[in-house]
Amino acid sequence: MVHEESVLEDNPFWYRDAIIYQVHIKAFADSDADGIGDFRGLIGKVDYLQQLGITAVWLLPFYPSPQRDDGYDIADYYNVNPSYNTLREFKQFLRAAHNRGIRVITELVLNHTSDQHPWFQRARRAKPGSAFRDFYVWSDTAGKYREARIIFKDFETSNWTWDPLAKAYFWHRFYFHQPDLNFDNPRVQSEMLRVIDFWMRMGVDGVRLDAVPYLFEREGTNCENLPETHAFLKKLRAHLDSSFKNRILLSEANQWPEDAAAYFGEGDESNMAFHFPLMPRMFMAIEMEDRFPIVDIIDQTPAIPDGCQWAIFLRNHDELTLEMVTDEERDYMYRVYASDPRARINLGIRRRLAPLLENNRRKIELMNVLFFSLPGTPVIYYGDEIGMGDNYFLGDRNGVRTPMQWNPDRNAGFSKASPQKLFLPVILEPEYHYESTNVENQDRNPTSLLWWMRRTIAMRKRFKAFGRGSLEMLLSDNPKVLTFIRSFEDENLLVVINLSRFSQTMTVDLSHHAGMIPEEVFSGNRFPMIQETRYHFTMGPYDYFWFMLRSTEARTETMEDVLKLKLREGRPWWDVLKGKTCERLCATVMPHYLQRVFWFCGKGRAISQIRVIDTCRLKQVKQLFQLVFLQVTYTESNPEI
C-alpha cells in the first residue's frame, strides 16, 4: 500500500479523541536479524497499527543509552540508538505514520540523564561552582533534602551517591547511575528547549515528559510538585505553542488526582497528564466485585481546564504501580494479584494484563470496555490486544517487555536471528506460548481478542462523548454494577458494567431521560423505552452494555420531512442524496423505510449502517427518476447492495 500525502487533520485537540498505542522499538519488529527491533521493522508494521484503529503511537526512549534503565538513562538527546537504525529511518517512520493519519509521541526525560552522558562526564571533571559543574545537583554531604522519599527502595538506600572523581555527592531521584539535572541553572532549561525544538521541527506531534514532578529541589520539602516546576512547565508550553502547531505535552506525574491535575495549570502547562490512581482501582473493583474503588477515585478527581485531557491505561511499560494507594489497598493488591513475591517490584506488580486477569477472556473484555468508557484518552500497551503473557523471572521489568508475537514461526515472527541473539527470549509458557498467542492466528479468527479489540476501538471512535464528554455517575441499587452516562453535545451514552463473576440484576433511576430509547451500539438492538419509573437490567457474568440514548422523535422522521426541508430551501429534490442531508436520510429514515418495502430481504437482521454509494438519474418522457444504490451493513452478516 503506497501513501504519498499526510492525512493528519488540522485539529489542535486531536489528543482528546485519540487512541494511543505504546511501543518499545526493540520489542516490536526486527528487520536486520540482529535480535533487536528497529525503526525499519516498525515501518513494516504501520499498516497493522492502522487496522487496529489506533490514532497515535507513543514511542518509548530510542536514544543512545547504556540501557541500564530500558533507555530512560539517556546519553544523547539528539540521536537514535544505533541498534534501532538512524535518524533517517526515524524520519521515514514519521512519514509512514503521518500518511496513515497516525500521530507520533516521543519521550523527553527531563529530570535526569545517564551518568555516561557527556554533560555529566564534563560536570564531574569541572571545578565546583563552574557553569559546567552546575548542570547537575551536587553536595558535600548526603544530608540535604531528607524529606524526599526514595522511589526505588528495592535498589537504592539514598538519593545521594558519592562521585570519587568530583569528590562530591550527586543527587538522583531514581537509580544511582541517573544523576538529576539542575533546573535552577538557566542553561539546563535552555538546553531542554533546544531538545524539544529539534524533535518538533522533525515533525513529532508530542512529547511525554518523564518524571516531571521532581525537576527542582528545595530544603524542607519532599522535592515534588514544587512551584518552580510549574513555572518551568508554563515556560515550556508557551515556547511550544508559539513555535509549533497542533503539538502536545503529556506529563507523567504519578501523584494523587489533585496533585496530578495541577500539571494542567490553567490550561497553560500540560495538554495531557496520566491518571495513575485510576489504574489500580479498576483492578480492585473487578476483584472486589464492587464499584466503590472506581466511584471513590472519580469523586476525588478535580475538574480540569477546558481543552485538557487525562491519559488512562490498564498497564504500562513499568508495572501496575501501587504508589498512589493506601497501605491496606497495596497489601490487598499484592495478595490477590501478586501472591508470588517475585512478581513484585518497587511499589508495583510486574505483570501484563492477561496474566493479571488469569487469562479470563470475559474479564479482559470487561476491563477494556471500562477503560474505553471512562473519561480520558486510552493508552494500549503493545501486545495486550492479543493477550500476550509475561515472564517475571527475567528480572527488573523485562518480563513485560518481551518480543511482540506476530506468528507461530521461529522467534514468534519478531526476528530471523538465532533465538540466542534475541534481546529477550520469547514467551514459552504453554498458556501464552507464541505458537498459539500471536497476531497471525488471531487475525484469521473473527472471534479472537484481536478482532474484538478492533471492533471495540472502531465503535469508541464513532462517539465523541467518550473522549470529550461529561461523566454522570448513576448509583444503582446493586453495588456490583457500575452505571454512568457520558454526554457531549447531542450524544448521550449509557454505560452499564457488571463487575461480578455472577449474573446480576439491578434497577437505576433514568427518569431524567424518560421518553428516550436505549439502543445497544454493537447490535443496534433497541431496549424498552425509559419511563419515569426505575429502569431494570439483568446482566450475565462480567457483562457490559454501551447504549446510545435515542430520542423517539428522531425516529418518526419520514422521507417527506427530509424532502420538504430541501424544497423549502429552494433546492432540487434530488439534493437529499448529498452531504449532511443524505447522512440524515440514511441514519433516521432509511432503516424504517427499508423495513416496510416488500423487496428488502434483510428485515430480520440488525442494520448497523446505511450509505448511498452511487446514484443515476433517468428520464422517461416527462418523468424524472433517480436510481439509488444503497449499501446496507449488518451487525452479524455480510453487507448488501
# chains A, B, ... in the order shown; residues from 1 in each chain; ligands from 1

call {"tool": "residues_around", "arguments": {"residues": "Met529 of chain A", "least_positions_apart": "4", "cutoff": "7 Å", "atoms": "only C-alpha atoms", "output": "CSV table (one decimal) with all heavy atoms, in the first residue's frame"}}
result
chain,number,residue,atom,x,y,z
A,515,GLY,N,-38.7,8.8,28.0
A,515,GLY,CA,-39.1,9.0,26.7
A,515,GLY,C,-38.0,8.7,25.6
A,515,GLY,O,-38.3,8.6,24.4
A,516,MET,N,-36.8,8.4,26.1
A,516,MET,CA,-35.7,8.0,25.2
A,516,MET,C,-35.6,6.5,25.1
A,516,MET,O,-36.1,5.8,26.0
A,516,MET,CB,-34.4,8.6,25.6
A,516,MET,CG,-34.5,10.2,25.7
A,516,MET,SD,-32.8,10.9,25.9
A,516,MET,CE,-32.3,11.0,24.2
A,517,ILE,N,-35.0,6.0,24.1
A,517,ILE,CA,-34.9,4.6,23.8
A,517,ILE,C,-33.4,4.2,23.9
A,517,ILE,O,-32.6,4.8,23.1
A,517,ILE,CB,-35.5,4.2,22.5
A,517,ILE,CG1,-37.0,4.4,22.4
A,517,ILE,CG2,-35.2,2.7,22.2
A,517,ILE,CD1,-37.6,4.1,21.1
A,518,PRO,N,-33.0,3.3,24.8
A,518,PRO,CA,-31.6,2.8,24.8
A,518,PRO,C,-31.4,1.9,23.6
A,518,PRO,O,-32.0,0.9,23.5
A,518,PRO,CB,-31.5,2.1,26.1
A,518,PRO,CG,-32.7,2.4,26.9
A,518,PRO,CD,-33.8,2.7,25.9

call {"tool": "select_by_dssp", "arguments": {"residues": "segment 436-549 of chain A", "states": "strand (DSSP E or B)", "output": "ChimeraX atom specification"}}
result
/A:470-474,481-488,491-498,504-508,516-520,526,535-539,544-549

call {"tool": "closest_residue", "arguments": {"among": "A:Glu583, A:Asp115, A:Asp384, A:Asp299", "to": "Met473 of chain A", "atoms": "only C-alpha atoms"}}
result
A:Asp299

call {"tool": "residues_around", "arguments": {"residues": "Met453 of chain A", "least_positions_apart": "6", "cutoff": "10 Å", "atoms": "only C-alpha atoms", "output": "ChimeraX atom specification"}}
result
/A:52-53,365,368-369,384-386,459

call {"tool": "residues_around", "arguments": {"residues": "Pro12 of chain A", "least_positions_apart": "5", "cutoff": "9 Å", "atoms": "only C-alpha atoms", "output": "PyMOL selection string"}}
result
chain A and resi 245-248

call {"tool": "write_last_selection", "arguments": {"atoms": "all heavy atoms", "output": "CSV table (one decimal), in the first residue's frame"}}
result
chain,number,residue,atom,x,y,z
A,245,LYS,N,2.5,24.0,15.7
A,245,LYS,CA,1.1,23.9,15.7
A,245,LYS,C,0.6,22.5,16.0
A,245,LYS,O,1.3,21.5,15.5
A,245,LYS,CB,0.6,24.3,14.3
A,245,LYS,CG,-0.9,24.4,14.1
A,245,LYS,CD,-1.2,24.9,12.7
A,245,LYS,CE,-2.7,25.0,12.4
A,245,LYS,NZ,-3.0,25.4,11.0
A,246,ASN,N,-0.4,22.3,16.7
A,246,ASN,CA,-1.0,21.0,17.0
A,246,ASN,C,-0.1,20.1,17.7
A,246,ASN,O,-0.1,18.9,17.4
A,246,ASN,CB,-1.6,20.4,15.7
A,246,ASN,CG,-2.6,21.2,15.0
A,246,ASN,OD1,-3.2,22.1,15.6
A,246,ASN,ND2,-2.8,21.0,13.7
A,247,ARG,N,0.7,20.6,18.6
A,247,ARG,CA,1.7,19.7,19.3
A,247,ARG,C,1.2,19.7,20.8
A,247,ARG,O,0.6,20.6,21.3
A,247,ARG,CB,3.1,20.2,19.2
A,247,ARG,CG,3.5,20.6,17.8
A,247,ARG,CD,3.5,19.4,16.9
A,247,ARG,NE,3.7,19.8,15.5
A,247,ARG,CZ,4.9,19.8,14.9
A,247,ARG,NH1,6.0,19.5,15.6
A,247,ARG,NH2,5.0,20.2,13.7
A,248,ILE,N,1.7,18.6,21.5
A,248,ILE,CA,1.2,18.5,22.9
A,248,ILE,C,2.3,18.1,23.8
A,248,ILE,O,3.3,17.6,23.4
A,248,ILE,CB,0.1,17.4,23.0
A,248,ILE,CG1,0.7,16.0,22.7
A,248,ILE,CG2,-1.1,17.7,22.1
A,248,ILE,CD1,-0.2,14.9,23.3

call {"tool": "closest_atom_pairs", "arguments": {"of": "segment 405-428 of chain A", "to": "segment 34-37 of chain A", "cutoff": "9 Å", "atoms": "only C-alpha atoms", "output": "JSON lines"}}
result
{"residue": "A:Phe414", "atom": "CA", "partner": "A:Gly37", "partner_atom": "CA", "distance": 7.8}
{"residue": "A:Ser415", "atom": "CA", "partner": "A:Gly35", "partner_atom": "CA", "distance": 6.0}
{"residue": "A:Lys416", "atom": "CA", "partner": "A:Gly35", "partner_atom": "CA", "distance": 7.6}
{"residue": "A:Ala417", "atom": "CA", "partner": "A:Gly35", "partner_atom": "CA", "distance": 5.5}
{"residue": "A:Ser418", "atom": "CA", "partner": "A:Gly35", "partner_atom": "CA", "distance": 7.6}
{"residue": "A:Pro419", "atom": "CA", "partner": "A:Gly35", "partner_atom": "CA", "distance": 7.8}
{"residue": "A:Gln420", "atom": "CA", "partner": "A:Gly35", "partner_atom": "CA", "distance": 8.4}
{"residue": "A:Lys421", "atom": "CA", "partner": "A:Gly35", "partner_atom": "CA", "distance": 5.2}
{"residue": "A:Leu422", "atom": "CA", "partner": "A:Gly35", "partner_atom": "CA", "distance": 4.0}
{"residue": "A:Phe423", "atom": "CA", "partner": "A:Ile36", "partner_atom": "CA", "distance": 5.8}
{"residue": "A:Leu424", "atom": "CA", "partner": "A:Gly35", "partner_atom": "CA", "distance": 8.5}

call {"tool": "write_last_selection", "arguments": {"atoms": "all heavy atoms", "output": "mmCIF file, in the first residue's frame"}}
result
data_model
loop_
_atom_site.group_PDB
_atom_site.id
_atom_site.type_symbol
_atom_site.label_atom_id
_atom_site.label_comp_id
_atom_site.auth_asym_id
_atom_site.auth_seq_id
_atom_site.Cartn_x
_atom_site.Cartn_y
_atom_site.Cartn_z
ATOM 1 N N PHE A 414 9.107 -12.272 15.176
ATOM 2 C CA PHE A 414 9.705 -10.981 15.538
ATOM 3 C C PHE A 414 11.044 -10.769 14.838
ATOM 4 O O PHE A 414 11.368 -9.656 14.415
ATOM 5 C CB PHE A 414 9.893 -10.934 17.058
ATOM 6 C CG PHE A 414 10.861 -9.898 17.547
ATOM 7 C CD1 PHE A 414 10.517 -8.555 17.557
ATOM 8 C CD2 PHE A 414 12.135 -10.264 17.994
ATOM 9 C CE1 PHE A 414 11.412 -7.599 18.002
ATOM 10 C CE2 PHE A 414 13.030 -9.313 18.440
ATOM 11 C CZ PHE A 414 12.668 -7.978 18.440
ATOM 12 N N SER A 415 11.828 -11.828 14.689
ATOM 13 C CA SER A 415 13.173 -11.701 14.145
ATOM 14 C C SER A 415 13.599 -13.002 13.485
ATOM 15 O O SER A 415 13.162 -14.089 13.886
ATOM 16 C CB SER A 415 14.164 -11.351 15.272
ATOM 17 O OG SER A 415 15.497 -11.379 14.814
ATOM 18 N N LYS A 416 14.473 -12.894 12.477
ATOM 19 C CA LYS A 416 15.057 -14.066 11.832
ATOM 20 C C LYS A 416 16.396 -14.451 12.450
ATOM 21 O O LYS A 416 17.083 -15.344 11.950
ATOM 22 C CB LYS A 416 15.230 -13.802 10.336
ATOM 23 C CG LYS A 416 13.904 -13.630 9.596
ATOM 24 C CD LYS A 416 14.106 -13.408 8.102
ATOM 25 C CE LYS A 416 12.767 -13.264 7.395
ATOM 26 N NZ LYS A 416 12.927 -13.009 5.940
ATOM 27 N N ALA A 417 16.768 -13.797 13.523
ATOM 28 C CA ALA A 417 18.033 -14.088 14.189
ATOM 29 C C ALA A 417 17.984 -15.432 14.896
ATOM 30 O O ALA A 417 16.910 -16.008 15.122
ATOM 31 C CB ALA A 417 18.345 -12.979 15.197
ATOM 32 N N SER A 418 19.140 -15.945 15.263
ATOM 33 C CA SER A 418 19.191 -17.121 16.140
ATOM 34 C C SER A 418 18.483 -16.777 17.442
ATOM 35 O O SER A 418 18.646 -15.669 17.974
ATOM 36 C CB SER A 418 20.646 -17.486 16.425
ATOM 37 O OG SER A 418 20.714 -18.381 17.520
ATOM 38 N N PRO A 419 17.688 -17.684 17.989
ATOM 39 C CA PRO A 419 16.976 -17.387 19.244
ATOM 40 C C PRO A 419 17.899 -16.915 20.363
ATOM 41 O O PRO A 419 17.482 -16.153 21.234
ATOM 42 C CB PRO A 419 16.312 -18.724 19.593
ATOM 43 C CG PRO A 419 16.129 -19.402 18.273
ATOM 44 C CD PRO A 419 17.315 -18.998 17.444
ATOM 45 N N GLN A 420 19.156 -17.334 20.313
ATOM 46 C CA GLN A 420 20.099 -16.937 21.358
ATOM 47 C C GLN A 420 20.486 -15.465 21.260
ATOM 48 O O GLN A 420 20.997 -14.892 22.216
ATOM 49 C CB GLN A 420 21.359 -17.803 21.280
ATOM 50 C CG GLN A 420 21.083 -19.269 21.556
ATOM 51 C CD GLN A 420 22.335 -20.122 21.476
ATOM 52 O OE1 GLN A 420 22.615 -20.877 22.389
ATOM 53 N NE2 GLN A 420 23.093 -19.988 20.406
ATOM 54 N N LYS A 421 20.260 -14.839 20.092
ATOM 55 C CA LYS A 421 20.635 -13.440 19.898
ATOM 56 C C LYS A 421 19.534 -12.465 20.300
ATOM 57 O O LYS A 421 19.774 -11.253 20.347
ATOM 58 C CB LYS A 421 20.999 -13.188 18.424
ATOM 59 C CG LYS A 421 22.299 -13.826 17.979
ATOM 60 C CD LYS A 421 22.565 -13.519 16.509
ATOM 61 C CE LYS A 421 22.821 -12.043 16.256
ATOM 62 N NZ LYS A 421 23.158 -11.756 14.843
ATOM 63 N N LEU A 422 18.317 -12.942 20.558
ATOM 64 C CA LEU A 422 17.222 -12.033 20.889
ATOM 65 C C LEU A 422 17.549 -11.225 22.141
ATOM 66 O O LEU A 422 18.135 -11.757 23.095
ATOM 67 C CB LEU A 422 15.925 -12.800 21.102
ATOM 68 C CG LEU A 422 15.355 -13.596 19.926
ATOM 69 C CD1 LEU A 422 13.977 -14.121 20.286
ATOM 70 C CD2 LEU A 422 15.296 -12.754 18.655
ATOM 71 N N PHE A 423 17.133 -9.961 22.158
ATOM 72 C CA PHE A 423 17.409 -9.109 23.311
ATOM 73 C C PHE A 423 16.747 -9.656 24.568
ATOM 74 O O PHE A 423 17.237 -9.474 25.685
ATOM 75 C CB PHE A 423 16.955 -7.665 23.035
ATOM 76 C CG PHE A 423 15.471 -7.456 23.131
ATOM 77 C CD1 PHE A 423 14.900 -6.951 24.277
ATOM 78 C CD2 PHE A 423 14.633 -7.795 22.062
ATOM 79 C CE1 PHE A 423 13.531 -6.767 24.376
ATOM 80 C CE2 PHE A 423 13.267 -7.609 22.156
ATOM 81 C CZ PHE A 423 12.717 -7.099 23.314
ATOM 82 N N LEU A 424 15.609 -10.338 24.400
ATOM 83 C CA LEU A 424 14.935 -11.075 25.465
ATOM 84 C C LEU A 424 14.286 -12.300 24.833
ATOM 85 O O LEU A 424 13.884 -12.265 23.661
ATOM 86 C CB LEU A 424 13.840 -10.224 26.136
ATOM 87 C CG LEU A 424 14.271 -9.114 27.106
ATOM 88 C CD1 LEU A 424 13.052 -8.318 27.561
ATOM 89 C CD2 LEU A 424 15.019 -9.673 28.305
#
